[in-house]
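File shown: query-v6.cif (mmCIF, C-alpha atoms).
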```cif
data_input
loop_
_atom_site.label_atom_id
_atom_site.label_comp_id
_atom_site.auth_asym_id
_atom_site.auth_seq_id
_atom_site.Cartn_x
_atom_site.Cartn_y
_atom_site.Cartn_z
CA MET A 1 1.96 -20.59 29.65
CA ARG A 2 5.46 -19.37 30.63
CA ARG A 3 7.14 -22.48 29.26
CA LYS A 4 5.44 -22.08 25.90
CA ASP A 5 6.75 -18.50 25.60
CA VAL A 6 10.29 -19.62 26.42
CA VAL A 7 10.14 -22.38 23.79
CA ILE A 8 8.88 -19.90 21.17
CA ALA A 9 11.61 -17.40 22.05
CA ILE A 10 14.39 -20.00 21.87
CA SER A 11 13.20 -21.45 18.57
CA LEU A 12 12.90 -17.98 17.02
CA SER A 13 16.38 -17.00 18.15
CA LEU A 14 17.68 -20.26 16.67
CA LEU A 15 15.96 -19.27 13.41
CA VAL A 16 17.73 -15.89 13.43
CA LEU A 17 21.05 -17.59 14.17
CA ALA A 18 20.63 -20.11 11.36
CA MET A 19 19.64 -17.44 8.84
CA SER A 20 22.56 -15.24 9.94
CA ILE A 21 25.01 -18.08 9.36
CA ILE A 22 23.59 -18.63 5.87
CA ILE A 23 23.72 -14.91 5.05
CA GLY A 24 27.17 -14.46 6.55
CA ALA A 25 28.74 -17.44 4.79
CA GLU A 26 31.32 -16.23 2.29
CA GLN A 27 30.92 -18.94 -0.33
CA PHE A 28 27.37 -17.88 -1.23
CA THR A 29 26.80 -15.10 -3.74
CA PRO A 30 26.78 -11.54 -2.40
CA ILE A 31 23.34 -10.14 -1.51
CA ALA A 32 23.59 -7.06 -3.72
CA SER A 33 25.38 -7.53 -7.00
CA ALA A 34 26.35 -5.20 -9.82
CA VAL A 35 23.93 -6.83 -12.27
CA ILE A 36 20.18 -7.06 -11.70
CA ARG A 37 17.79 -9.68 -13.02
CA GLY A 38 17.03 -9.66 -16.72
CA LEU A 39 13.33 -9.00 -16.20
CA GLY A 40 14.03 -5.87 -14.15
CA GLU A 41 16.54 -4.67 -16.72
CA SER A 42 14.06 -5.11 -19.57
CA TYR A 43 11.50 -3.03 -17.66
CA LEU A 44 14.12 -0.31 -17.22
CA MET A 45 14.92 -0.45 -20.93
CA TYR A 46 11.36 -0.40 -22.29
CA SER A 47 9.52 1.88 -19.87
CA TYR A 48 10.24 4.99 -21.96
CA ASN A 49 11.68 3.83 -25.25
CA PRO A 50 10.52 5.59 -28.44
CA TRP A 51 12.86 3.33 -30.46
CA HIS A 52 10.75 0.27 -29.55
CA ALA A 53 7.29 1.85 -29.80
CA ASN A 54 5.50 -1.52 -29.57
CA MET A 55 6.92 -2.37 -26.17
CA THR A 56 6.92 0.92 -24.34
CA VAL A 57 4.56 2.80 -21.99
CA PHE A 58 6.09 6.31 -22.37
CA SER A 59 6.22 6.62 -18.60
CA LEU A 60 9.39 8.08 -17.03
CA ASN A 61 8.66 6.35 -13.72
CA VAL A 62 9.39 2.67 -14.31
CA VAL A 63 7.56 1.48 -11.18
CA THR A 64 4.35 3.22 -12.28
CA ALA A 65 4.76 1.72 -15.74
CA ILE A 66 4.92 -1.77 -14.23
CA ILE A 67 2.01 -1.14 -11.89
CA TRP A 68 -0.47 0.30 -14.39
CA ASP A 69 0.64 -1.12 -17.71
CA TYR A 70 2.69 -4.31 -17.57
CA ARG A 71 0.82 -5.59 -14.51
CA GLY A 72 -2.35 -3.51 -14.82
CA LEU A 73 -4.81 -6.32 -14.13
CA ASP A 74 -2.96 -7.17 -10.93
CA THR A 75 -3.29 -3.60 -9.68
CA PHE A 76 -6.96 -3.52 -10.63
CA TYR A 77 -7.61 -6.57 -8.44
CA GLU A 78 -5.59 -4.96 -5.68
CA THR A 79 -7.94 -1.97 -5.87
CA CYS A 80 -10.86 -4.41 -5.63
CA VAL A 81 -9.32 -5.88 -2.46
CA LEU A 82 -9.24 -2.38 -0.98
CA LEU A 83 -12.95 -2.04 -1.84
CA ALA A 84 -13.77 -5.47 -0.42
CA SER A 85 -12.01 -4.78 2.87
CA VAL A 86 -14.06 -1.62 3.41
CA VAL A 87 -17.22 -3.56 2.60
CA ALA A 88 -16.16 -6.18 5.17
CA LEU A 89 -15.56 -3.42 7.72
CA LEU A 90 -19.06 -2.06 7.04
CA ALA A 91 -20.45 -5.57 7.55
CA VAL A 92 -18.67 -5.99 10.89
CA LEU A 93 -19.97 -2.64 12.16
CA ARG A 94 -23.45 -3.09 10.63
CA GLY A 95 -26.31 -1.32 12.34
CA TYR A 96 -24.42 1.80 13.41
CA GLY A 97 -26.04 5.21 12.94
CA GLU A 98 -24.35 8.56 12.37
CA VAL A 99 -25.24 10.99 15.17
CA ALA A 100 -24.41 14.67 14.66
CA ARG A 101 -24.03 17.27 17.43
CA LEU A 102 -22.70 15.17 20.25
CA GLY A 103 -21.16 18.30 21.73
CA ALA A 104 -17.53 17.43 20.99
CA GLN A 105 -15.46 20.61 20.74
CA GLY A 106 -12.12 19.30 19.52
CA LEU A 107 -8.70 20.58 20.53
CA SER A 108 -7.60 24.15 21.35
CA ASP A 109 -7.85 27.12 18.96
CA VAL A 110 -4.08 27.13 18.34
CA VAL A 111 -4.18 23.56 17.04
CA LYS A 112 -7.34 24.26 15.04
CA ALA A 113 -5.80 27.30 13.30
CA ALA A 114 -2.63 25.36 12.48
CA THR A 115 -4.66 22.45 11.08
CA LYS A 116 -6.71 24.84 8.96
CA LEU A 117 -3.44 25.97 7.34
CA VAL A 118 -2.01 22.47 6.92
CA ILE A 119 -5.03 20.67 5.41
CA PRO A 120 -5.03 22.57 2.05
CA LEU A 121 -1.30 21.91 1.72
CA ILE A 122 -1.89 18.19 2.30
CA ALA A 123 -4.63 18.19 -0.32
CA VAL A 124 -2.43 19.95 -2.92
CA TYR A 125 0.50 17.66 -2.20
CA SER A 126 -1.63 14.53 -2.51
CA VAL A 127 -3.08 15.61 -5.86
CA ALA A 128 0.40 16.50 -7.15
CA THR A 129 1.76 13.14 -6.02
CA ALA A 130 -1.04 11.31 -7.81
CA LEU A 131 -1.01 13.31 -11.06
CA HIS A 132 2.78 13.24 -11.40
CA GLY A 133 2.88 9.50 -10.82
CA GLN A 134 4.31 8.87 -14.29
CA LEU A 135 7.04 11.52 -13.91
CA THR A 136 8.23 11.47 -10.29
CA PRO A 137 8.03 9.00 -7.38
CA GLY A 138 4.41 8.58 -6.36
CA GLY A 139 1.12 7.46 -7.81
CA GLY A 140 -2.58 7.26 -7.15
CA PHE A 141 -2.46 5.13 -4.04
CA GLN A 142 0.28 7.20 -2.41
CA GLY A 143 -1.68 10.38 -3.17
CA GLY A 144 -4.84 8.89 -1.68
CA ALA A 145 -2.98 7.79 1.44
CA ILE A 146 -1.61 11.34 1.86
CA ALA A 147 -5.08 12.85 1.35
CA SER A 148 -6.63 10.58 3.98
CA VAL A 149 -4.12 12.03 6.48
CA ALA A 150 -6.11 15.28 6.17
CA ILE A 151 -9.25 13.40 7.27
CA ALA A 152 -7.38 11.80 10.17
CA LEU A 153 -6.19 15.27 11.24
CA ALA A 154 -9.69 16.72 10.95
CA ILE A 155 -11.18 13.90 13.06
CA ALA A 156 -8.50 14.30 15.73
CA VAL A 157 -8.48 18.10 15.86
CA TYR A 158 -12.06 19.15 15.03
CA SER A 159 -14.01 15.97 15.97
CA LEU A 160 -16.01 13.66 13.74
CA ASP A 161 -18.97 16.08 13.69
CA SER A 162 -17.07 18.60 11.56
CA VAL A 163 -16.25 15.88 9.03
CA TYR A 164 -19.97 15.04 8.75
CA ARG A 165 -20.77 18.74 8.39
CA LYS A 166 -18.36 18.94 5.43
CA GLY A 167 -20.52 16.30 3.77
CA LEU A 168 -18.11 13.38 4.05
CA SER A 169 -20.46 10.72 5.36
CA VAL A 170 -19.69 7.03 4.95
CA SER A 171 -22.47 6.46 2.41
CA ARG A 172 -21.22 9.29 0.17
CA LEU A 173 -17.66 8.00 0.36
CA VAL A 174 -18.84 4.52 -0.62
CA VAL A 175 -20.63 5.99 -3.65
CA LEU A 176 -17.46 7.93 -4.56
CA ARG A 177 -15.38 4.78 -4.36
CA VAL A 178 -17.72 2.69 -6.47
CA LEU A 179 -17.82 5.49 -9.07
CA GLY A 180 -14.03 5.59 -9.13
CA LEU A 181 -13.83 1.85 -9.69
CA ALA A 182 -16.46 2.06 -12.44
CA CYS A 183 -14.46 4.82 -14.21
CA MET A 184 -11.34 2.68 -13.95
CA LEU A 185 -13.17 -0.23 -15.51
CA CYS A 186 -14.44 2.06 -18.32
CA ILE A 187 -10.87 3.14 -19.14
CA ALA A 188 -9.75 -0.49 -19.08
CA VAL A 189 -12.31 -1.52 -21.71
CA ALA A 190 -12.32 1.79 -23.64
CA LEU A 191 -9.67 0.83 -26.19
CA ALA A 192 -11.15 -2.61 -26.69
CA LEU A 193 -14.53 -1.00 -27.50
CA VAL A 194 -12.95 1.55 -29.86
CA GLY A 195 -11.09 -1.29 -31.54
CA ALA A 196 -14.32 -3.25 -31.96
CA LEU A 197 -16.04 -0.18 -33.50
CA LEU A 198 -13.17 0.53 -35.88
CA GLY A 199 -12.75 -3.11 -36.75
CA VAL A 200 -9.14 -3.42 -35.58
CA LYS A 201 -7.69 -5.70 -32.93
CA ALA A 202 -7.46 -4.23 -29.41
CA TYR A 203 -7.15 -5.63 -25.90
CA VAL A 204 -8.66 -4.96 -22.50
CA PHE A 205 -6.18 -2.99 -20.35
CA GLN A 206 -4.31 -1.96 -23.47
CA ASN A 207 -2.43 1.31 -23.15
CA MET A 208 -0.07 1.96 -26.08
CA ALA A 209 -0.22 0.62 -29.62
CA LYS A 210 1.04 -2.94 -29.89
CA GLU A 211 2.48 -4.88 -32.80
CA ASP A 212 -0.89 -6.27 -33.96
CA SER A 213 -3.04 -3.41 -32.68
CA PRO A 214 -2.45 0.08 -34.13
CA ILE A 215 -4.60 2.14 -31.72
CA GLY A 216 -3.33 3.52 -28.42
CA MET A 217 -3.90 6.15 -25.75
CA PRO A 218 -2.28 9.62 -26.20
CA LYS A 219 1.38 9.78 -25.24
CA THR A 220 1.62 13.37 -24.08
CA LEU A 221 -0.62 15.96 -22.46
CA LEU A 222 0.48 19.57 -23.18
CA ASP A 223 4.08 18.53 -23.96
CA THR A 224 4.35 16.49 -20.76
CA PRO A 225 4.52 12.70 -20.94
CA MET A 226 1.19 11.39 -19.62
CA ALA A 227 1.79 7.73 -20.48
CA GLY A 228 -1.69 7.20 -21.89
CA ALA A 229 -4.05 5.58 -19.43
CA VAL A 230 -1.54 5.69 -16.56
CA LEU A 231 -2.47 9.28 -15.69
CA LEU A 232 -6.20 8.45 -15.75
CA TYR A 233 -5.72 5.30 -13.67
CA ASN A 234 -3.68 7.29 -11.16
CA THR A 235 -6.41 9.94 -10.91
CA PHE A 236 -9.13 7.40 -10.19
CA GLU A 237 -6.87 5.44 -7.86
CA LEU A 238 -6.46 8.69 -5.91
CA VAL A 239 -10.25 8.92 -5.56
CA ILE A 240 -10.59 5.25 -4.58
CA ALA A 241 -7.71 5.22 -2.09
CA PHE A 242 -8.82 8.51 -0.51
CA SER A 243 -12.43 7.42 -0.10
CA GLY A 244 -11.52 3.90 1.04
CA LEU A 245 -9.03 5.02 3.67
CA SER A 246 -11.28 7.87 4.87
CA THR A 247 -14.22 5.46 5.22
CA ALA A 248 -12.02 3.21 7.32
CA LEU A 249 -10.82 6.15 9.43
CA ILE A 250 -14.40 7.33 10.04
CA MET A 251 -15.60 3.80 10.82
CA LEU A 252 -12.75 3.22 13.28
CA SER A 253 -13.38 6.49 15.13
CA LEU A 254 -17.16 6.15 15.60
CA ARG A 255 -18.44 7.17 19.01
CA GLU A 256 -20.23 4.90 21.49
CA GLU A 257 -23.61 6.57 20.86
CA GLU A 258 -23.33 5.75 17.18
CA LEU A 259 -22.28 2.17 17.80
CA ARG A 260 -24.92 1.28 20.37
CA LYS A 261 -27.08 -0.47 17.81
CA ALA A 262 -24.09 -2.21 16.20
CA ILE A 263 -23.20 -3.70 19.58
CA GLU A 264 -26.81 -4.80 20.09
CA VAL A 265 -26.71 -6.57 16.73
CA GLY A 266 -23.46 -8.25 17.71
CA GLU A 267 -24.89 -9.40 21.05
CA ALA A 268 -28.02 -10.71 19.38
CA TYR A 269 -25.85 -12.95 17.20
CA GLU A 270 -23.94 -14.42 20.14
CA MET B 1 33.99 2.65 0.06
CA SER B 2 35.50 -0.77 -0.40
CA GLU B 3 33.50 -3.68 -1.73
CA GLU B 4 33.87 -5.78 1.44
CA LEU B 5 32.56 -2.99 3.65
CA VAL B 6 29.46 -2.57 1.47
CA GLN B 7 28.80 -6.31 1.52
CA LEU B 8 29.26 -6.36 5.29
CA ALA B 9 26.74 -3.53 5.67
CA PHE B 10 24.31 -5.43 3.46
CA ARG B 11 24.68 -8.67 5.43
CA THR B 12 24.22 -6.81 8.72
CA SER B 13 21.01 -5.21 7.46
CA ALA B 14 19.72 -8.57 6.19
CA VAL B 15 20.35 -10.15 9.60
CA ALA B 16 18.64 -7.16 11.24
CA PHE B 17 15.56 -7.69 9.08
CA ILE B 18 15.42 -11.35 10.04
CA ALA B 19 15.82 -10.48 13.72
CA ASN B 20 12.96 -8.01 13.28
CA ILE B 21 10.81 -10.74 11.73
CA ALA B 22 11.61 -13.06 14.65
CA VAL B 23 10.70 -10.42 17.24
CA ALA B 24 7.42 -9.75 15.43
CA LEU B 25 6.63 -13.48 15.25
CA TYR B 26 7.29 -13.79 18.99
CA GLY B 27 4.83 -10.96 19.60
CA ILE B 28 2.17 -12.55 17.39
CA LEU B 29 2.52 -15.95 19.03
CA SER B 30 2.86 -15.14 22.72
CA ARG B 31 1.37 -11.73 23.54
CA PRO B 32 -2.19 -12.11 24.85
CA SER B 33 -3.40 -8.63 23.80
CA LEU B 34 -4.94 -8.45 20.34
CA VAL B 35 -3.68 -4.87 19.85
CA LYS B 36 -0.11 -6.00 20.46
CA LYS B 37 -0.60 -8.96 18.14
CA PHE B 38 -1.81 -6.51 15.48
CA MET B 39 1.17 -4.19 16.00
CA CYS B 40 3.53 -7.14 15.64
CA LEU B 41 1.71 -8.26 12.49
CA ILE B 42 2.34 -4.83 10.96
CA LEU B 43 5.99 -4.99 12.03
CA PHE B 44 6.18 -8.46 10.45
CA THR B 45 4.76 -7.40 7.08
CA ASP B 46 6.88 -4.24 7.00
CA SER B 47 10.07 -6.18 7.72
CA ILE B 48 9.29 -8.63 4.94
CA ASN B 49 8.44 -5.80 2.54
CA LEU B 50 11.72 -4.02 3.32
CA PHE B 51 13.60 -7.26 2.86
CA ALA B 52 11.99 -7.81 -0.54
CA ILE B 53 12.82 -4.28 -1.74
CA PHE B 54 16.36 -4.82 -0.47
CA ILE B 55 16.75 -7.78 -2.85
CA GLY B 56 16.31 -5.45 -5.82
CA PHE B 57 19.18 -3.20 -4.77
CA ARG B 58 22.46 -3.19 -6.71
CA VAL B 59 26.02 -2.25 -5.83
CA LEU B 60 28.03 -0.40 -8.46
CA ARG B 61 31.80 -0.02 -8.38
CA SER B 62 32.10 3.52 -9.70
CA SER B 63 28.93 5.36 -8.67
CA TYR B 64 25.79 5.15 -6.57
CA PRO B 65 22.78 3.31 -8.03
CA LEU B 66 19.91 5.46 -9.31
CA PRO B 67 16.20 5.16 -8.48
CA PRO B 68 14.23 3.50 -11.31
CA ILE B 69 12.94 6.84 -12.60
CA LEU B 70 14.26 8.65 -15.67
CA SER B 71 15.05 12.24 -14.71
CA ASN B 72 14.37 13.51 -18.24
CA VAL B 73 13.14 12.19 -21.56
CA PRO B 74 15.94 10.08 -23.07
CA ARG B 75 17.44 11.47 -26.30
CA SER B 76 19.32 8.41 -27.48
CA LEU B 77 19.37 4.66 -26.99
CA GLU B 78 22.82 4.93 -25.38
CA GLU B 79 21.44 7.21 -22.68
CA LEU B 80 18.72 4.66 -21.98
CA GLU B 81 21.24 1.83 -21.81
CA ARG B 82 23.35 3.85 -19.35
CA PHE B 83 20.20 4.32 -17.22
CA ALA B 84 19.38 0.60 -17.34
CA SER B 85 22.92 -0.26 -16.23
CA THR B 86 22.85 2.05 -13.17
CA ALA B 87 19.23 1.97 -11.87
CA VAL B 88 18.02 -0.47 -9.21
CA ASP B 89 15.55 -3.26 -10.00
CA PRO B 90 12.03 -1.75 -10.28
CA LEU B 91 10.12 -5.06 -10.11
CA PRO B 92 10.40 -5.71 -6.33
CA GLN B 93 9.31 -2.12 -5.66
CA ALA B 94 6.23 -2.50 -7.85
CA LEU B 95 5.30 -5.84 -6.28
CA ILE B 96 5.79 -4.47 -2.76
CA LEU B 97 3.59 -1.48 -3.54
CA THR B 98 0.78 -3.94 -4.32
CA ALA B 99 1.60 -5.88 -1.15
CA ILE B 100 1.48 -2.70 0.95
CA VAL B 101 -1.96 -1.76 -0.38
CA ILE B 102 -3.37 -5.23 0.26
CA GLY B 103 -1.72 -5.30 3.71
CA LEU B 104 -3.30 -1.95 4.51
CA ALA B 105 -6.72 -3.17 3.34
CA THR B 106 -6.58 -6.30 5.49
CA SER B 107 -5.18 -4.46 8.50
CA MET B 108 -8.08 -1.97 8.33
CA PHE B 109 -10.47 -4.93 8.54
CA ILE B 110 -8.51 -6.56 11.37
CA LEU B 111 -8.53 -3.27 13.29
CA GLY B 112 -12.32 -3.11 12.91
CA LEU B 113 -12.64 -6.66 14.22
CA ILE B 114 -10.41 -5.85 17.22
CA LEU B 115 -12.51 -2.77 18.00
CA MET B 116 -15.73 -4.81 17.94
CA TYR B 117 -14.09 -7.48 20.10
CA HIS B 118 -13.18 -4.83 22.64
CA ARG B 119 -16.70 -3.40 22.61
CA LEU B 120 -18.32 -6.82 23.12
CA HIS B 121 -15.91 -8.25 25.71
CA GLY B 122 -14.54 -5.12 27.38
CA THR B 123 -10.96 -6.28 26.86
CA THR B 124 -8.57 -7.16 24.04
CA ASP B 125 -6.85 -9.82 26.13
CA VAL B 126 -7.66 -13.17 24.51
CA HIS B 127 -7.07 -15.27 27.63
CA ALA B 128 -9.05 -12.95 29.91
CA ALA B 129 -12.04 -12.97 27.54
CA VAL B 130 -11.99 -16.78 27.30
CA GLU B 131 -11.75 -17.10 31.10
CA ALA B 132 -14.64 -14.68 31.58
CA GLU B 133 -16.77 -16.74 29.20
CA GLU B 134 -15.93 -19.92 31.10
CA VAL B 135 -16.89 -18.28 34.39
CA GLU B 136 -20.17 -17.13 32.84
CA GLU B 137 -20.96 -20.60 31.52
CA SER B 138 -20.25 -22.28 34.86
CA ALA B 139 -22.49 -19.72 36.62
CA GLU B 140 -25.32 -20.61 34.27
#
```
Give the structure from the file, written as structure tokens.
Amino acid sequence: MRRKDVVIAISLSLLVLAMSIIIGAEQFTPIASAVIRGLGESYLMYSYNPWHANMTVFSLNVVTAIIWDYRGLDTFYETCVLLASVVALLAVLRGYGEVARLGAQGLSDVVKAATKLVIPLIAVYSVATALHGQLTPGGGFQGGAIASVAIALAIAVYSLDSVYRKGLSVSRLVVLRVLGLACMLCIAVALALVGALLGVKAYVFQNMAKEDSPIGMPKTLLDTPMAGAVLLYNTFELVIAFSGLSTALIMLSLREEELRKAIEVGEAYE
Amino acid sequence: MSEELVQLAFRTSAVAFIANIAVALYGILSRPSLVKKFMCLILFTDSINLFAIFIGFRVLRSSYPLPPILSNVPRSLEELERFASTAVDPLPQALILTAIVIGLATSMFILGLILMYHRLHGTTDVHAAVEAEEVEESAE
């Protein structure tokens, strides 16, 4: 066992050495150059470009434009992976039961009062991050990840019981997530349906008007660029990411009393 | 700052990322505890993600590069061209955002599996659990 570790360590340090020599060699091109790749430059050019209305998204944040418009289908599947992983987690811990009133009191009053002040701020910040995804750094997933921090804090400071008492059980969160995904799917096919009704050409996951398709989502919301479907996708991604991550947090902090049956199921399978 | 110094800083960081990846791989391959393997896996993915974002960076002679976000609505095509010539590459950032979400989803699942492993075997040490099973089988 010791010899194997030594061999692994030596081979990995040789790997680092070899890569360092390649990176340090002067005759290769510099790592960071003044010009970026053409694809990246075209995204920068067309993300908010009213002079090429057929190519643009009207989103000031180029990364969000790529994520929800140019590569929208990719991000949709990524959201499905998030859903699938939570379903897999539920399958691994199958047979558990939620038990309220286990007598857990949480941390001291000082910590509880401070958390009570911080949680609303976290919620506001997460919603702002998600809804301004097309204007500033951020987006739906980042907002959802920030919001799930509030749940993590509540579990750590007040105990899991208080989270149940607020109505955030796993089954409700699963329903919330599936609803979010369904809404996302509706937005994705909305323009295609409208196009079919009006008799013009339209695509699934279409956002702005294209060269052969005259219909598109609205560009602005109350004088602010909303980038069409990007704002809506970000909103529902906030819901999905928040519910997915909170489900995982609740599942990973279940107490022994709740998991007794899950362990019995696991032992029965062995 | 001179050009050579910037390139040196970049090469040093690239080597540091690769060293990080090697340390994480060592942890995944030779630590017996599943929790430590998981921590090293996260270190591994984060190092690779950082390295990939790093590829999209650019070095400009006159000014600092901008983030790929327009600070206000562009008024002319020239303004947009100036932005495109100073902002960093947005594509690696967008791809890495997807990679982070998928990494998070899989790591949630792995964490659940490790928890169940600990509850069934009483330890996260892979070797200890295998040895205990062997002892049990020989007793039977």
I want to know what sits within 9 Å of Leu173 of chain A, based on only C-alpha atoms, with residues of the same chain fewer than 2 positions away left out; could you give that as a ChimeraX atom specification?
/A:168-171,175-178,242-244,246-247
Output for the residues just chosen: C-alpha atoms as a compact mmCIF listing (two decimals), keeping the file's coordinate frame:
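Below you can see part08.txt, which holds the result:
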```txt
# COMPACT_ATOMS: atom_id res chain seq x y z
CA LEU A 168 -18.11 13.38 4.05
CA SER A 169 -20.46 10.72 5.36
CA VAL A 170 -19.69 7.03 4.95
CA SER A 171 -22.47 6.46 2.41
CA VAL A 175 -20.63 5.99 -3.65
CA LEU A 176 -17.46 7.93 -4.56
CA ARG A 177 -15.38 4.78 -4.36
CA VAL A 178 -17.72 2.69 -6.47
CA PHE A 242 -8.82 8.51 -0.51
CA SER A 243 -12.43 7.42 -0.10
CA GLY A 244 -11.52 3.90 1.04
CA SER A 246 -11.28 7.87 4.87
CA THR A 247 -14.22 5.46 5.22
```
Residues matched by the PyMOL selection byres ((chain B) within 7 of (chain A)), written as a ChimeraX atom specification
/B:7,10-11,15,18-19,22,26,30,55,57-60,68-70,80-81,84,89-91,93-94,98,102,105-106,108-109,112-113,120
Residues just named, written with C-alpha atoms as a compact mmCIF listing (two decimals), in the coordinates of the input:
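Resulting contents of again.txt:
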```txt
# COMPACT_ATOMS: atom_id res chain seq x y z
CA GLN B 7 28.80 -6.31 1.52
CA PHE B 10 24.31 -5.43 3.46
CA ARG B 11 24.68 -8.67 5.43
CA VAL B 15 20.35 -10.15 9.60
CA ILE B 18 15.42 -11.35 10.04
CA ALA B 19 15.82 -10.48 13.72
CA ALA B 22 11.61 -13.06 14.65
CA TYR B 26 7.29 -13.79 18.99
CA SER B 30 2.86 -15.14 22.72
CA ILE B 55 16.75 -7.78 -2.85
CA PHE B 57 19.18 -3.20 -4.77
CA ARG B 58 22.46 -3.19 -6.71
CA VAL B 59 26.02 -2.25 -5.83
CA LEU B 60 28.03 -0.40 -8.46
CA PRO B 68 14.23 3.50 -11.31
CA ILE B 69 12.94 6.84 -12.60
CA LEU B 70 14.26 8.65 -15.67
CA LEU B 80 18.72 4.66 -21.98
CA GLU B 81 21.24 1.83 -21.81
CA ALA B 84 19.38 0.60 -17.34
CA ASP B 89 15.55 -3.26 -10.00
CA PRO B 90 12.03 -1.75 -10.28
CA LEU B 91 10.12 -5.06 -10.11
CA GLN B 93 9.31 -2.12 -5.66
CA ALA B 94 6.23 -2.50 -7.85
CA THR B 98 0.78 -3.94 -4.32
CA ILE B 102 -3.37 -5.23 0.26
CA ALA B 105 -6.72 -3.17 3.34
CA THR B 106 -6.58 -6.30 5.49
CA MET B 108 -8.08 -1.97 8.33
CA PHE B 109 -10.47 -4.93 8.54
CA GLY B 112 -12.32 -3.11 12.91
CA LEU B 113 -12.64 -6.66 14.22
CA LEU B 120 -18.32 -6.82 23.12
```
Interatomic distance (Å, one decimal) between atom CA of Ile21 of chain B and atom CA of Ala52 of chain B
12.7 Å
Gap from atom CA of Leu104 of chain B to atom CA of Leu34 of chain B - Å, one decimal
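These atoms are spaced 17.2 Å apart.
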Between A:Val149, A:Val157, A:Met226, A:Val124, which has the minimum distance to Val111 of chain A (counting all atoms listed in the file)?
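For Val111 of chain A, the nearest of the given residues is A:Val157.
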Since I can't run it myself right now, could you work out what the PyMOL selection byres ((chain A and resi 106) around 6) selects here and report it as number ranges by chain?
A: 104-105, 107, 157-159
Residue IDs satisfying the PyMOL selection byres ((chain B and resi 35-48) around 7), as a PyMOL selection string:
chain B and resi 17+20-21+24-25+27-28+31+33-34+49-52+124
In Å to one decimal, how far is atom CA of Met217 of chain A from atom CA of Ala229 of chain A?
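Between these atoms lies a distance of 6.3 Å.
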Show me, as a PyMOL selection string, the residues that have an atom within 8 Å of Tyr233 of chain A when counting only C-alpha atoms, minus same-chain residues fewer than 5 positions from it.
chain A and resi 68+140+184+187
For Leu254 of chain A, which residue out of B:Ala139, B:Thr12, B:Leu115, B:Pro74 is the nearest one, using all atoms listed in the file?
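Under the stated criterion, the closest residue is B:Leu115.
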